[in-house]
There are 2 protein chains.
Amino acid sequence: MVLLGSTGSIGVNTLIVAKRFSLHVEALVCGTNIKLLNEQIKEHNPKVVVVSRQEDVKDVNHKNVYYGSDAILSVIRDSSSELVVNALVGFLGLRPTITAIESGKRVALANKESLVACGAFIDTSKIQPIDSEHFGLWYLMQDRPVERMVITASGGAFRDWDIKKLQNATLADTQKHPNWSMGQKITIDSATMVNKMFELLEARWLFGEGQYDAIIETKSLIHALIDFKDGSSTAHFAHASMQLPIAFALDVDMQEKILSHVDLLKVGSLEFREIDKNRYPIWEIKEELLKNPIRGTVVNAANEVAIEQFINKEIGFMDISKTIVNAFDKFRDIPKSVDDVFTQDSEIRAYLKAKN
Amino acid sequence: MVLLGSTGSIGVNTLIVAKRFSLHVEALVCGTNIKLLNEQIKEHNPKVVVVSRQEDVKDVNHKNVYYGSDAILSVIRDSSSELVVNALVGFLGLRPTITAIESGKRVALANKESLVACGAFIDTSKIQPIDSEHFGLWYLMQDRPVERMVITASGGAFRDWDIKKLQNATLADTQKHPNWSMGQKITIDSATMVNKMFELLEARWLFGEGQYDAIIETKSLIHALIDFKDGSSTAHFAHASMQLPIAFALDVDMQEKILSHVDLLKVGSLEFREIDKNRYPIWEIKEELLKNPIRGTVVNAANEVAIEQFINKEIGFMDISKTIVNAFDKFRDIPKSVDDVFTQDSEIRAYLKAKN
């Protein structure tokens, strides 16, 4: 396989599963964590390696090292692997997804922004999602008519905060996720509930037209539910570990024991809550966005700019959602191609940066 | 279809579903509720009717009325229907199940005692269970390796009682089931947890060797869970209505909307509890019984005698479980045939009645 984002949380877990399944890792692609990369090179012996920055190349213990985003695309095109695991973070993960599919490869996709920004122009039959929620939906799917698909949210770091205090929440505050240990951006996205909106959009592209919704399940043990037409609902329970969706993304027919089961007697109780628009203002645009999922391009671009501004302390926490909702209201053009997606993305970023 | 037990709760719901699906009812069999039977005859126009007692025959508005258990077997044998719905209560439902299968018919089986007492000698490939728990397991089953199947219990009428008061509980007390409205015997069986033990035995016969267990889910919204080998667990949720399992028992490929979905936001929370051996002493023999499910004959016979004695105020509530556990300890012969089952059943009943 080609593994993009090898030193992040998904990348590390992917290598654990790859080792267990004795899968060959042809290429490792990462950002700036060269120490961990060198350990991964030693263990997995890839043919080629790509890092973000030129200045890091000399520190990588490998004879075949490249840098930068064009190198990622070349490595994908030139690889003999049938599978690309895309665990890059943000819009910069989109080009590699498109390139991988154009090169005839399957994509195990953890990069949410690919489908959120460009789902209309991606052949999702080539994609196996690496995400507990979409994995859960996939696992529950049967040959019976579906009425509604529901994914769950933990509610993020601010689930139980006084809403009035949210505007002044700091970056450090956003990182206190109740149930999962993940990267910085996705943990902010959990706190704003943008992450769950993204997952609804991804679900829409992966599973097609239909009813989609999300609810809060505070312990993150149920990841997905399907309401079947007959009146049955089924739910997928698993401990919060990415190794399970990764294992199935690497081998959809795998039959190994990956995790121990959730013990409901130890769990004792489960709690469900509505996603409150006052706490998560992004939820205001949910219905319109799900009706027009192609407008995800705007939401993703605005979110990435707003997060950057929040990290730089230029805006407060609640302004992230406000920025997105305002951009969603202002930018209404529907992209007609992948190129349009990149153009619109740039326009929105330029506009929001100039405005601030 | 031939419907055995038409005036009970399952029978009434079966006729509602049969009407909706425009299924012809060839024969109606019931006990002593002649008023309701006459309404059912008017609506469903069966070819033949069987009641329990000779003295009721004259009150039935039908030209073709028989009475007694031999008549039930004759009607099954002579019917042209491919399906027999067996919603009789107790051991007396066993012969009709066997006769129906011998006559080449499918059996939609709500009579629990058939499989509990005689599962080793019944071809379960001819059976579709009418029960939320087995329906839930059947619905959740996929082509993936299973580690454990779990059904849920409400805990019955005495779930929250002071254990010290249970011995003096009355028949009226046993009937206060928290979530379901069912017949008298099954509601007593819920209070003792014998019902759940029966369902575990049925599951064992229906789904084969494996790990089976039960837990309490206090709202009776989850009916079954499967722990798959990979670490995923799936759960079946539905409102407490028998129409859903009945609809699938009548037509396994049906795609109608039978119930509205469970709304977890309205539900708010779910609670899981262990089945406590002090409150439900029958649980003491669970492991041994599941290892030797053929010994269900003893448990069923002892339970039926003990319930009769409890209703007649000859024994206290906790004595029902004691009677079963003692009989299970004493009667260790393994039936080798259907005839052995009937012989052992008679012996146990005679012994327990003489003893009291």
# chains A, B, ... in the order shown; residues from 1 in each chain; ligands from 1
$ calpha_fit_and_write --fixed "chain A" --moving "chain B" --output "mmCIF file with C-alpha atoms, in the first residue's frame"
data_model
loop_
_atom_site.group_PDB
_atom_site.id
_atom_site.type_symbol
_atom_site.label_atom_id
_atom_site.label_comp_id
_atom_site.auth_asym_id
_atom_site.auth_seq_id
_atom_site.Cartn_x
_atom_site.Cartn_y
_atom_site.Cartn_z
ATOM 1 C CA MET B 1 0.003 0.016 -0.017
ATOM 2 C CA VAL B 2 0.823 3.706 -0.230
ATOM 3 C CA LEU B 3 0.224 5.324 3.160
ATOM 4 C CA LEU B 4 -0.385 9.079 3.212
ATOM 5 C CA GLY B 5 -0.145 10.583 6.690
ATOM 6 C CA SER B 6 1.846 7.780 8.293
ATOM 7 C CA THR B 7 2.815 9.560 11.514
ATOM 8 C CA GLY B 8 -0.692 10.706 12.505
ATOM 9 C CA SER B 9 -3.076 8.712 14.651
ATOM 10 C CA ILE B 10 -4.698 6.924 11.673
ATOM 11 C CA GLY B 11 -1.331 6.306 10.042
ATOM 12 C CA VAL B 12 0.149 4.731 13.161
ATOM 13 C CA ASN B 13 -2.882 2.468 13.580
ATOM 14 C CA THR B 14 -2.806 1.567 9.887
ATOM 15 C CA LEU B 15 0.770 0.364 10.251
ATOM 16 C CA ILE B 16 -0.174 -1.752 13.277
ATOM 17 C CA VAL B 17 -2.931 -3.425 11.235
ATOM 18 C CA ALA B 18 -0.698 -3.706 8.135
ATOM 19 C CA LYS B 19 1.947 -5.504 10.186
ATOM 20 C CA ARG B 20 -0.629 -7.876 11.624
ATOM 21 C CA PHE B 21 -1.950 -8.657 8.143
ATOM 22 C CA SER B 22 1.609 -8.826 6.702
ATOM 23 C CA LEU B 23 0.765 -6.151 4.115
ATOM 24 C CA HIS B 24 3.648 -4.566 2.250
ATOM 25 C CA VAL B 25 4.022 -0.802 2.612
ATOM 26 C CA GLU B 26 5.383 0.564 -0.659
ATOM 27 C CA ALA B 27 5.457 4.249 0.269
ATOM 28 C CA LEU B 28 5.277 6.296 3.450
ATOM 29 C CA VAL B 29 4.177 9.938 3.280
ATOM 30 C CA CYS B 30 4.231 12.184 6.328
ATOM 31 C CA GLY B 31 4.620 15.761 7.529
ATOM 32 C CA THR B 32 7.355 16.776 9.927
ATOM 33 C CA ASN B 33 7.606 13.999 12.535
ATOM 34 C CA ILE B 34 10.875 12.632 11.127
ATOM 35 C CA LYS B 35 11.807 10.728 14.278
ATOM 36 C CA LEU B 36 8.671 8.557 14.058
ATOM 37 C CA LEU B 37 9.055 8.306 10.274
ATOM 38 C CA ASN B 38 12.551 6.847 10.696
ATOM 39 C CA GLU B 39 11.183 4.204 13.074
ATOM 40 C CA GLN B 40 8.446 3.359 10.549
ATOM 41 C CA ILE B 41 11.024 3.097 7.741
ATOM 42 C CA LYS B 42 13.069 0.674 9.833
ATOM 43 C CA GLU B 43 10.061 -1.504 10.554
ATOM 44 C CA HIS B 44 8.239 -1.422 7.199
ATOM 45 C CA ASN B 45 11.059 -0.936 4.702
ATOM 46 C CA PRO B 46 9.174 1.169 2.116
ATOM 47 C CA LYS B 47 10.533 1.676 -1.390
ATOM 48 C CA VAL B 48 9.980 5.442 -1.287
ATOM 49 C CA VAL B 49 9.299 8.175 1.264
ATOM 50 C CA VAL B 50 7.819 11.684 0.988
ATOM 51 C CA VAL B 51 8.008 14.411 3.624
ATOM 52 C CA SER B 52 6.551 17.921 3.673
ATOM 53 C CA ARG B 53 9.639 20.099 3.828
ATOM 54 C CA GLN B 54 12.870 20.126 1.877
ATOM 55 C CA GLU B 55 14.935 20.805 5.005
ATOM 56 C CA ASP B 56 13.819 17.515 6.577
ATOM 57 C CA VAL B 57 14.991 15.325 3.678
ATOM 58 C CA LYS B 58 18.557 15.032 4.980
ATOM 59 C CA ASP B 59 17.326 13.664 8.330
ATOM 60 C CA VAL B 60 15.335 10.802 6.800
ATOM 61 C CA ASN B 61 17.106 7.416 6.918
ATOM 62 C CA HIS B 62 16.188 6.346 3.417
ATOM 63 C CA LYS B 63 17.906 6.531 0.050
ATOM 64 C CA ASN B 64 14.737 7.479 -1.848
ATOM 65 C CA VAL B 65 13.218 10.572 -0.209
ATOM 66 C CA TYR B 66 11.150 13.316 -1.849
ATOM 67 C CA TYR B 67 9.315 16.319 -0.469
ATOM 68 C CA GLY B 68 6.207 18.379 -1.199
ATOM 69 C CA SER B 69 2.733 17.779 -2.544
ATOM 70 C CA ASP B 70 3.701 17.173 -6.178
ATOM 71 C CA ALA B 71 5.962 14.361 -5.011
ATOM 72 C CA ILE B 72 2.978 12.753 -3.245
ATOM 73 C CA LEU B 73 1.054 12.687 -6.531
ATOM 74 C CA SER B 74 4.049 11.270 -8.445
ATOM 75 C CA VAL B 75 4.570 8.543 -5.872
ATOM 76 C CA ILE B 76 0.876 7.570 -6.109
ATOM 77 C CA ARG B 77 1.018 7.472 -9.915
ATOM 78 C CA ASP B 78 4.263 5.511 -10.021
ATOM 79 C CA SER B 79 3.388 3.007 -7.315
ATOM 80 C CA SER B 80 2.431 -0.581 -8.086
ATOM 81 C CA SER B 81 0.185 -0.820 -4.985
ATOM 82 C CA GLU B 82 -3.531 -1.292 -5.553
ATOM 83 C CA LEU B 83 -4.402 0.517 -2.327
ATOM 84 C CA VAL B 84 -3.762 4.079 -1.168
ATOM 85 C CA VAL B 85 -4.550 4.855 2.460
ATOM 86 C CA ASN B 86 -5.223 8.590 2.618
ATOM 87 C CA ALA B 87 -4.942 9.854 6.178
ATOM 88 C CA LEU B 88 -3.882 13.371 5.283
ATOM 89 C CA VAL B 89 -5.632 16.203 7.097
ATOM 90 C CA GLY B 90 -7.521 18.962 5.317
ATOM 91 C CA PHE B 91 -8.217 20.063 1.754
ATOM 92 C CA LEU B 92 -4.663 19.155 0.748
ATOM 93 C CA GLY B 93 -5.787 15.514 0.916
ATOM 94 C CA LEU B 94 -8.139 16.002 -2.037
ATOM 95 C CA ARG B 95 -5.657 15.895 -4.940
ATOM 96 C CA PRO B 96 -4.095 12.641 -3.734
ATOM 97 C CA THR B 97 -7.561 11.029 -3.505
ATOM 98 C CA ILE B 98 -8.380 12.105 -7.062
ATOM 99 C CA THR B 99 -4.965 11.045 -8.352
ATOM 100 C CA ALA B 100 -5.224 7.633 -6.697
ATOM 101 C CA ILE B 101 -8.616 6.941 -8.258
ATOM 102 C CA GLU B 102 -7.420 8.208 -11.651
ATOM 103 C CA SER B 103 -4.500 5.804 -11.324
ATOM 104 C CA GLY B 104 -6.936 2.909 -10.905
ATOM 105 C CA LYS B 105 -6.309 2.364 -7.205
ATOM 106 C CA ARG B 106 -8.673 1.728 -4.321
ATOM 107 C CA VAL B 107 -8.635 4.394 -1.623
ATOM 108 C CA ALA B 108 -9.013 3.697 2.080
ATOM 109 C CA LEU B 109 -10.101 7.197 2.959
ATOM 110 C CA ALA B 110 -9.637 8.856 6.328
ATOM 111 C CA ASN B 111 -9.257 12.329 4.785
ATOM 112 C CA LYS B 112 -12.745 13.745 5.320
ATOM 113 C CA GLU B 113 -12.224 16.859 3.276
ATOM 114 C CA SER B 114 -11.939 14.896 -0.004
ATOM 115 C CA LEU B 115 -15.603 13.951 -0.039
ATOM 116 C CA VAL B 116 -16.852 17.025 1.804
ATOM 117 C CA ALA B 117 -15.333 19.439 -0.701
ATOM 118 C CA CYS B 118 -15.519 17.347 -3.861
ATOM 119 C CA GLY B 119 -17.827 14.353 -3.318
ATOM 120 C CA ALA B 120 -19.855 15.084 -6.453
ATOM 121 C CA PHE B 121 -16.803 14.443 -8.630
ATOM 122 C CA ILE B 122 -15.321 11.393 -6.902
ATOM 123 C CA ASP B 123 -16.123 7.786 -7.816
ATOM 124 C CA THR B 124 -17.051 6.509 -4.357
ATOM 125 C CA SER B 125 -17.185 2.914 -5.585
ATOM 126 C CA LYS B 126 -13.381 3.030 -5.310
ATOM 127 C CA ILE B 127 -13.491 4.229 -1.695
ATOM 128 C CA GLN B 128 -13.621 2.351 1.589
ATOM 129 C CA PRO B 129 -14.059 4.874 4.412
ATOM 130 C CA ILE B 130 -11.814 4.771 7.479
ATOM 131 C CA ASP B 131 -14.153 6.199 10.052
ATOM 132 C CA SER B 132 -16.107 4.538 12.829
ATOM 133 C CA GLU B 133 -19.394 6.077 11.715
ATOM 134 C CA HIS B 134 -19.245 5.144 8.037
ATOM 135 C CA PHE B 135 -17.763 1.789 8.891
ATOM 136 C CA GLY B 136 -20.680 1.255 11.286
ATOM 137 C CA LEU B 137 -23.232 2.131 8.597
ATOM 138 C CA TRP B 138 -21.442 -0.108 6.095
ATOM 139 C CA TYR B 139 -21.370 -2.946 8.642
ATOM 140 C CA LEU B 140 -25.080 -2.609 9.405
ATOM 141 C CA MET B 141 -26.208 -2.380 5.806
ATOM 142 C CA GLN B 142 -28.334 -5.289 4.682
ATOM 143 C CA ASP B 143 -30.421 -6.106 1.671
ATOM 144 C CA ARG B 144 -33.491 -4.443 3.176
ATOM 145 C CA PRO B 145 -35.027 -1.034 2.458
ATOM 146 C CA VAL B 146 -33.499 1.741 4.563
ATOM 147 C CA GLU B 147 -35.480 4.688 5.877
ATOM 148 C CA ARG B 148 -32.800 6.690 7.667
ATOM 149 C CA MET B 149 -29.115 6.476 8.560
ATOM 150 C CA VAL B 150 -27.954 7.985 11.827
ATOM 151 C CA ILE B 151 -24.435 8.565 13.055
ATOM 152 C CA THR B 152 -23.495 9.511 16.575
ATOM 153 C CA ALA B 153 -21.450 12.343 17.998
ATOM 154 C CA SER B 154 -19.728 12.528 21.352
ATOM 155 C CA GLY B 155 -20.539 16.221 21.552
ATOM 156 C CA GLY B 156 -16.848 17.127 21.719
ATOM 157 C CA ALA B 157 -14.915 19.012 24.341
ATOM 158 C CA PHE B 158 -17.673 21.543 25.069
ATOM 159 C CA ARG B 159 -20.638 19.231 25.328
ATOM 160 C CA ASP B 160 -21.167 20.096 28.987
ATOM 161 C CA TRP B 161 -19.806 23.665 29.031
ATOM 162 C CA ASP B 162 -21.890 26.719 29.832
ATOM 163 C CA ILE B 163 -22.753 28.016 26.346
ATOM 164 C CA LYS B 164 -22.002 31.590 27.394
ATOM 165 C CA LYS B 165 -18.358 30.663 28.014
ATOM 166 C CA LEU B 166 -17.786 29.059 24.600
ATOM 167 C CA GLN B 167 -16.735 32.222 22.768
ATOM 168 C CA ASN B 168 -13.698 32.500 25.043
ATOM 169 C CA ALA B 169 -12.687 28.858 24.855
ATOM 170 C CA THR B 170 -8.996 28.400 23.997
ATOM 171 C CA LEU B 171 -7.253 26.031 21.622
ATOM 172 C CA ALA B 172 -6.155 23.982 24.642
ATOM 173 C CA ASP B 173 -9.792 23.751 25.772
ATOM 174 C CA THR B 174 -10.900 22.403 22.378
ATOM 175 C CA GLN B 175 -8.430 19.527 22.657
ATOM 176 C CA LYS B 176 -10.060 17.937 25.708
ATOM 177 C CA HIS B 177 -12.170 15.432 23.784
ATOM 178 C CA PRO B 178 -14.195 13.211 26.111
ATOM 179 C CA ASN B 179 -13.725 9.863 24.329
ATOM 180 C CA TRP B 180 -11.203 9.915 21.480
ATOM 181 C CA SER B 181 -7.571 10.887 21.114
ATOM 182 C CA MET B 182 -7.181 12.419 17.655
ATOM 183 C CA GLY B 183 -5.313 15.111 15.771
ATOM 184 C CA GLN B 184 -5.656 18.829 16.531
ATOM 185 C CA LYS B 185 -7.870 19.838 13.608
ATOM 186 C CA ILE B 186 -10.381 17.020 13.970
ATOM 187 C CA THR B 187 -10.647 17.643 17.702
ATOM 188 C CA ILE B 188 -11.554 21.287 17.029
ATOM 189 C CA ASP B 189 -14.031 20.033 14.413
ATOM 190 C CA SER B 190 -15.567 17.802 17.091
ATOM 191 C CA ALA B 191 -15.999 20.730 19.448
ATOM 192 C CA THR B 192 -17.825 22.785 16.777
ATOM 193 C CA MET B 193 -19.747 19.705 15.496
ATOM 194 C CA VAL B 194 -18.348 20.500 12.032
ATOM 195 C CA ASN B 195 -16.801 17.039 12.110
ATOM 196 C CA LYS B 196 -20.230 15.418 12.352
ATOM 197 C CA MET B 197 -21.583 17.614 9.585
ATOM 198 C CA PHE B 198 -18.660 16.476 7.437
ATOM 199 C CA GLU B 199 -19.427 12.858 8.236
ATOM 200 C CA LEU B 200 -23.065 13.363 7.226
ATOM 201 C CA LEU B 201 -21.893 14.772 3.900
ATOM 202 C CA GLU B 202 -19.468 11.887 3.435
ATOM 203 C CA ALA B 203 -22.244 9.418 4.251
ATOM 204 C CA ARG B 204 -24.444 11.110 1.658
ATOM 205 C CA TRP B 205 -21.770 10.650 -1.016
ATOM 206 C CA LEU B 206 -20.867 7.131 0.079
ATOM 207 C CA PHE B 207 -24.378 5.726 0.507
ATOM 208 C CA GLY B 208 -26.375 7.903 -1.870
ATOM 209 C CA GLU B 209 -29.542 9.944 -1.530
ATOM 210 C CA GLY B 210 -31.606 9.371 1.579
ATOM 211 C CA GLN B 211 -32.292 10.590 5.085
ATOM 212 C CA TYR B 212 -29.227 11.248 7.238
ATOM 213 C CA ASP B 213 -29.025 12.560 10.756
ATOM 214 C CA ALA B 214 -26.794 12.614 13.825
ATOM 215 C CA ILE B 215 -27.431 12.413 17.557
ATOM 216 C CA ILE B 216 -25.184 12.644 20.592
ATOM 217 C CA GLU B 217 -24.339 9.379 22.383
ATOM 218 C CA THR B 218 -22.145 10.531 25.205
ATOM 219 C CA LYS B 219 -19.885 7.473 25.589
ATOM 220 C CA SER B 220 -18.980 7.000 21.882
ATOM 221 C CA LEU B 221 -19.808 3.287 22.012
ATOM 222 C CA ILE B 222 -22.572 3.366 19.417
ATOM 223 C CA HIS B 223 -21.201 4.784 16.162
ATOM 224 C CA ALA B 224 -24.044 4.325 13.706
ATOM 225 C CA LEU B 225 -27.683 3.294 13.504
ATOM 226 C CA ILE B 226 -29.906 2.364 10.592
ATOM 227 C CA ASP B 227 -33.673 2.727 10.698
ATOM 228 C CA PHE B 228 -34.981 0.088 8.294
ATOM 229 C CA LYS B 229 -38.332 0.609 6.642
ATOM 230 C CA ASP B 230 -40.056 -2.229 8.541
ATOM 231 C CA GLY B 231 -39.612 -0.486 11.906
ATOM 232 C CA SER B 232 -36.417 -2.229 13.010
ATOM 233 C CA SER B 233 -33.403 -0.159 13.917
ATOM 234 C CA THR B 234 -29.944 -1.653 14.195
ATOM 235 C CA ALA B 235 -26.937 -0.133 15.907
ATOM 236 C CA HIS B 236 -23.206 -0.694 15.655
ATOM 237 C CA PHE B 237 -21.304 -0.817 18.953
ATOM 238 C CA ALA B 238 -17.524 -0.966 19.297
ATOM 239 C CA HIS B 239 -14.820 0.437 21.510
ATOM 240 C CA ALA B 240 -13.311 3.709 20.330
ATOM 241 C CA SER B 241 -10.409 2.374 18.264
ATOM 242 C CA MET B 242 -9.679 3.118 14.636
ATOM 243 C CA GLN B 243 -8.092 -0.306 14.147
ATOM 244 C CA LEU B 244 -11.471 -1.882 13.449
ATOM 245 C CA PRO B 245 -12.478 0.371 10.502
ATOM 246 C CA ILE B 246 -8.877 0.320 9.278
ATOM 247 C CA ALA B 247 -8.770 -3.489 9.270
ATOM 248 C CA PHE B 248 -11.940 -3.650 7.144
ATOM 249 C CA ALA B 249 -10.725 -0.841 4.877
ATOM 250 C CA LEU B 250 -7.556 -2.827 4.207
ATOM 251 C CA ASP B 251 -9.475 -6.089 3.744
ATOM 252 C CA VAL B 252 -13.282 -5.936 3.511
ATOM 253 C CA ASP B 253 -13.536 -9.725 3.943
ATOM 254 C CA MET B 254 -11.274 -9.932 6.961
ATOM 255 C CA GLN B 255 -12.433 -12.180 9.794
ATOM 256 C CA GLU B 256 -9.841 -11.487 12.486
ATOM 257 C CA LYS B 257 -10.562 -10.479 16.058
ATOM 258 C CA ILE B 258 -9.471 -6.825 16.149
ATOM 259 C CA LEU B 259 -11.039 -5.537 19.362
ATOM 260 C CA SER B 260 -12.629 -6.884 22.519
ATOM 261 C CA HIS B 261 -16.376 -6.295 22.651
ATOM 262 C CA VAL B 262 -18.205 -3.532 24.450
ATOM 263 C CA ASP B 263 -19.479 -5.028 27.724
ATOM 264 C CA LEU B 264 -22.841 -3.359 28.304
ATOM 265 C CA LEU B 265 -22.963 -4.601 31.888
ATOM 266 C CA LYS B 266 -19.781 -2.651 32.624
ATOM 267 C CA VAL B 267 -21.078 0.301 30.611
ATOM 268 C CA GLY B 268 -24.274 0.286 32.704
ATOM 269 C CA SER B 269 -26.101 3.024 30.829
ATOM 270 C CA LEU B 270 -26.166 4.991 27.598
ATOM 271 C CA GLU B 271 -27.375 8.529 27.112
ATOM 272 C CA PHE B 272 -28.702 10.167 23.954
ATOM 273 C CA ARG B 273 -29.003 13.916 23.374
ATOM 274 C CA GLU B 274 -30.148 16.142 20.571
ATOM 275 C CA ILE B 275 -27.543 18.288 18.812
ATOM 276 C CA ASP B 276 -28.417 21.743 20.086
ATOM 277 C CA LYS B 277 -28.172 24.596 17.567
ATOM 278 C CA ASN B 278 -27.264 27.038 20.317
ATOM 279 C CA ARG B 279 -24.223 25.054 21.328
ATOM 280 C CA TYR B 280 -23.389 23.955 17.764
ATOM 281 C CA PRO B 281 -24.550 26.797 15.444
ATOM 282 C CA ILE B 282 -23.253 24.921 12.381
ATOM 283 C CA TRP B 283 -26.302 22.681 12.812
ATOM 284 C CA GLU B 284 -28.438 25.597 11.499
ATOM 285 C CA ILE B 285 -27.350 24.819 7.945
ATOM 286 C CA LYS B 286 -27.577 21.018 8.214
ATOM 287 C CA GLU B 287 -30.828 20.558 6.286
ATOM 288 C CA GLU B 288 -29.898 22.879 3.443
ATOM 289 C CA LEU B 289 -26.420 21.404 3.182
ATOM 290 C CA LEU B 290 -27.730 17.834 3.066
ATOM 291 C CA LYS B 291 -30.170 18.857 0.349
ATOM 292 C CA ASN B 292 -27.261 20.403 -1.578
ATOM 293 C CA PRO B 293 -24.236 18.385 -0.505
ATOM 294 C CA ILE B 294 -22.208 19.830 -3.364
ATOM 295 C CA ARG B 295 -22.082 23.048 -1.343
ATOM 296 C CA GLY B 296 -19.693 21.291 1.051
ATOM 297 C CA THR B 297 -16.825 23.006 -0.783
ATOM 298 C CA VAL B 298 -17.755 26.305 0.872
ATOM 299 C CA VAL B 299 -18.173 24.801 4.310
ATOM 300 C CA ASN B 300 -14.816 23.080 4.169
ATOM 301 C CA ALA B 301 -12.883 26.118 2.914
ATOM 302 C CA ALA B 302 -14.487 28.440 5.453
ATOM 303 C CA ASN B 303 -13.838 25.958 8.243
ATOM 304 C CA GLU B 304 -10.142 25.622 7.405
ATOM 305 C CA VAL B 305 -9.641 29.393 7.279
ATOM 306 C CA ALA B 306 -11.631 29.948 10.471
ATOM 307 C CA ILE B 307 -9.683 27.290 12.356
ATOM 308 C CA GLU B 308 -6.418 28.915 11.308
ATOM 309 C CA GLN B 309 -7.720 32.286 12.510
ATOM 310 C CA PHE B 310 -8.888 30.713 15.775
ATOM 311 C CA ILE B 311 -5.502 29.071 16.346
ATOM 312 C CA ASN B 312 -3.849 32.447 15.652
ATOM 313 C CA LYS B 313 -6.234 34.008 18.202
ATOM 314 C CA GLU B 314 -7.699 36.315 15.548
ATOM 315 C CA ILE B 315 -11.235 35.089 16.254
ATOM 316 C CA GLY B 316 -13.071 33.459 19.158
ATOM 317 C CA PHE B 317 -14.314 29.880 19.260
ATOM 318 C CA MET B 318 -17.917 30.597 18.323
ATOM 319 C CA ASP B 319 -16.701 32.689 15.388
ATOM 320 C CA ILE B 320 -15.581 29.488 13.651
ATOM 321 C CA SER B 321 -19.199 28.435 13.162
ATOM 322 C CA LYS B 322 -20.278 32.005 12.364
ATOM 323 C CA THR B 323 -17.633 32.256 9.660
ATOM 324 C CA ILE B 324 -18.867 29.029 8.075
ATOM 325 C CA VAL B 325 -22.554 29.931 8.232
ATOM 326 C CA ASN B 326 -21.876 33.384 6.738
ATOM 327 C CA ALA B 327 -19.725 31.965 3.945
ATOM 328 C CA PHE B 328 -22.382 29.327 3.233
ATOM 329 C CA ASP B 329 -24.897 32.142 2.883
ATOM 330 C CA LYS B 330 -22.668 34.250 0.650
ATOM 331 C CA PHE B 331 -21.069 31.720 -1.708
ATOM 332 C CA ARG B 332 -23.865 29.985 -3.600
ATOM 333 C CA ASP B 333 -22.217 28.975 -6.860
ATOM 334 C CA ILE B 334 -22.391 25.245 -7.536
ATOM 335 C CA PRO B 335 -19.060 23.810 -8.736
ATOM 336 C CA LYS B 336 -19.445 21.973 -12.049
ATOM 337 C CA SER B 337 -16.074 20.192 -12.047
ATOM 338 C CA VAL B 338 -13.056 19.385 -9.917
ATOM 339 C CA ASP B 339 -11.414 22.532 -11.257
ATOM 340 C CA ASP B 340 -14.403 24.594 -10.104
ATOM 341 C CA VAL B 341 -13.957 23.088 -6.642
ATOM 342 C CA PHE B 342 -10.360 24.264 -6.475
ATOM 343 C CA THR B 343 -11.287 27.696 -7.848
ATOM 344 C CA GLN B 344 -14.141 28.171 -5.402
ATOM 345 C CA ASP B 345 -11.964 26.962 -2.551
ATOM 346 C CA SER B 346 -9.317 29.578 -3.399
ATOM 347 C CA GLU B 347 -11.877 32.364 -3.754
ATOM 348 C CA ILE B 348 -13.417 31.639 -0.390
ATOM 349 C CA ARG B 349 -10.072 31.478 1.346
ATOM 350 C CA ALA B 350 -8.936 34.744 -0.259
ATOM 351 C CA TYR B 351 -12.192 36.478 0.659
ATOM 352 C CA LEU B 352 -12.160 35.327 4.260
ATOM 353 C CA LYS B 353 -8.495 36.178 4.778
ATOM 354 C CA ALA B 354 -8.924 39.656 3.272
ATOM 355 C CA LYS B 355 -12.029 40.264 5.368
ATOM 356 C CA ASN B 356 -10.349 39.480 8.674
#
$ select_by_dssp --residues "stretch 42-136 of chain B" --states "helix (DSSP H, G or I)" --output "JSON, numbers by chain"
{"B": [42, 43, 44, 54, 55, 56, 57, 58, 59, 69, 70, 71, 72, 73, 74, 75, 76, 77, 78, 91, 92, 93, 94, 95, 96, 97, 98, 99, 100, 101, 102, 112, 113, 114, 115, 116, 117, 118, 119, 120, 121, 124, 125, 126, 132, 133, 134, 135, 136]}
$ select_by_dssp --residues "stretch 145-282 of chain A" --states "strand (DSSP E or B)" --output "PyMOL selection string"
chain A and resi 146-153+211-217+222-228+233-237+269-273
$ decode --residues "stretch 75-88 of chain A" --atoms "C-alpha atoms" --output "short mmCIF file (atom, residue, chain, number, x, y, z; two decimals), in the first residue's frame"
data_model
loop_
_atom_site.label_atom_id
_atom_site.label_comp_id
_atom_site.auth_asym_id
_atom_site.auth_seq_id
_atom_site.Cartn_x
_atom_site.Cartn_y
_atom_site.Cartn_z
CA VAL A 75 4.56 8.52 -5.88
CA ILE A 76 0.87 7.55 -6.11
CA ARG A 77 0.99 7.46 -9.93
CA ASP A 78 4.24 5.49 -10.04
CA SER A 79 3.36 2.99 -7.31
CA SER A 80 2.41 -0.60 -8.07
CA SER A 81 0.18 -0.84 -4.98
CA GLU A 82 -3.53 -1.32 -5.54
CA LEU A 83 -4.41 0.50 -2.32
CA VAL A 84 -3.76 4.07 -1.16
CA VAL A 85 -4.54 4.85 2.47
CA ASN A 86 -5.22 8.57 2.62
CA ALA A 87 -4.93 9.85 6.18
CA LEU A 88 -3.87 13.36 5.28
#
